[in-house]
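S.K.: I have a structure here, written as structure tokens, and I will follow up with some questions on it.
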Amino acid sequence: MLVFTAPFLSISFSRITLPGIQASNVTQNLLPLYGEDHSAVILSIGNYTKWSLNPSPSTGAALTTSINSLTLKGTFPVNSNPSAVSISGSLVANIRQYPILCVQTNVSKGVSYGIRFYSQSSDGSFIALWKDTDVLNHRQGTGQPENVQVNMIQVIEANTNKSVDSLSRATMYVERGPGTNSIDFSLQLSSFKFLSYRLEPAQSRGLYHAIYLTLNLTAPTSSLLSLQSIRVEGHLEASTNAAYVLYLIDKSGVYRGGTYTYDPSTPDQVYIVSLREKLNSFSDNLPTAVPSVVIVSASGTLYQFNVKSMTLNYMSRVEQSSSLPPSKDPPSFYLAIFVFLPIAIAVLLYDHLRRRRPLKSIETRSSVDAPRE
């Protein structure tokens, strides 16, 4: 009886999911790939002669401006309180058309600096769009040229929970904490612009600054499941020695994966992006949907990425029970189980009974022919 019922029992049993990492293959949920064009349309905020010191004149600081550059220099004296000097300039930037801020600056060591933006209301007053804790504030000066690139739509929405179309004013500041020694400082601004990278399909070979792998998924309804990482296996083509970074973007934020250098001899790669390193900002266009894995070029050009598989790894905190997914076994499997197996068993039983019957007859005859004492 067990032989006949085993196939049915194996299909009717539910699958028990134990606590731990649970992998879900989502390759079939991948939407058509798209990418950022490798060249950007630029909105330059030029003519730095319109920037001014706050307040003007400022004690211990001097501002030098030209059409193409700006330099702020000064000295912070001994002070038991924090010190700061700032400069401001008016601008008109539509961040819906040009969402990515790109600033090239050089700020001396020993001080910090920040960039703050404002929009203008209908009555002419300025509305602050910054937060003291955002990625553009209290940055450490390095004494080296630095490129700051962020998506302003994301930064402003994170700061204000509002959508803003345009910026009207910018402020840059240099600061130091309380100090027992005076310190010289400088801030050089060589570029202040907004970028727009055009998005286009990336299913074929092209020239891309970034490639987006977007999934069409509904988030797990169970609060007992939490996304831990995503595994991507694929074939990358890029310019030789191109440097690129992987990011995972979902509803909870932006997470940075590893930094890689392209080697034409090993185009097949496996990437894992975990939710360990959460960022306050993203440097490029936000994806059209989430979750998305974004491959962004830091140098060089991306040509193409062919996805072989994508797997989401969830953490399950308790034991769960769920039905098995639809079987992918071919029809011949079921034909063998439900038709040929019973026939084979019936043949074996018949052969077994046929062999036992003559044996029993011989035993009976022997007992009859045995001599009596």
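Following the order of the structure tokens, chains are lettered A, B, ..., residues in each are numbered from 1, and ligands are numbered from 1.
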Would you list the contacts of Glu36 (chain A) as a ChimeraX atom specification, taking every protein, DNA or RNA residue within 6 Å and counting only C-alpha atoms, but skipping same-chain residues closer than 4 positions in sequence?
M.R.: /A:197-199,208-210
S.K.: Take the residues from that selection and put them in a file with C-alpha atoms, as a CSV table (one decimal), in the first residue's frame.
M.R.:
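result-v9.csv written:
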```
chain,number,residue,atom,x,y,z
A,197,TYR,CA,21.9,61.8,-18.2
A,198,ARG,CA,19.4,60.6,-20.8
A,199,LEU,CA,17.8,57.2,-20.1
A,208,TYR,CA,26.4,53.7,-21.1
A,209,HIS,CA,27.4,55.5,-17.9
A,210,ALA,CA,25.1,53.3,-15.8
```
S.K.: Determine, counting only C-alpha atoms, which protein, DNA and RNA residues have an atom within 12 Å of an atom of region 227-232 of chain A; residues of the same chain fewer than 3 positions away are not included. Present the result as an NGL selection string.
M.R.: :A and (20-27 or 30 or 213-215 or 219-220 or 222-224 or 235-236 or 246-252 or 255-257 or 268-277 or 291-295 or 305-317)
S.K.: Could you tell me how far CA of Tyr260 (chain A) lies from CA of Leu302 (chain A), in Å and to one decimal?
M.R.: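 CA of Leu302 (chain A) lies at a distance of 12.4 Å from CA of Tyr260 (chain A).
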S.K.: Calculate how many Å separate CA of Ala93 (chain A) from CA of Phe117 (chain A), rounding to one decimal.
M.R.: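 CA of Ala93 (chain A) sits 10.7 Å away from CA of Phe117 (chain A).
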S.K.: Can you pull out every residue from region 56-127 of chain A that DSSP, working from the backbone, puts in strand (DSSP E), and format the result as a PyMOL selection string?
M.R.: chain A and resi 61-65+70-76+83-94+100-107+112-120+126-127
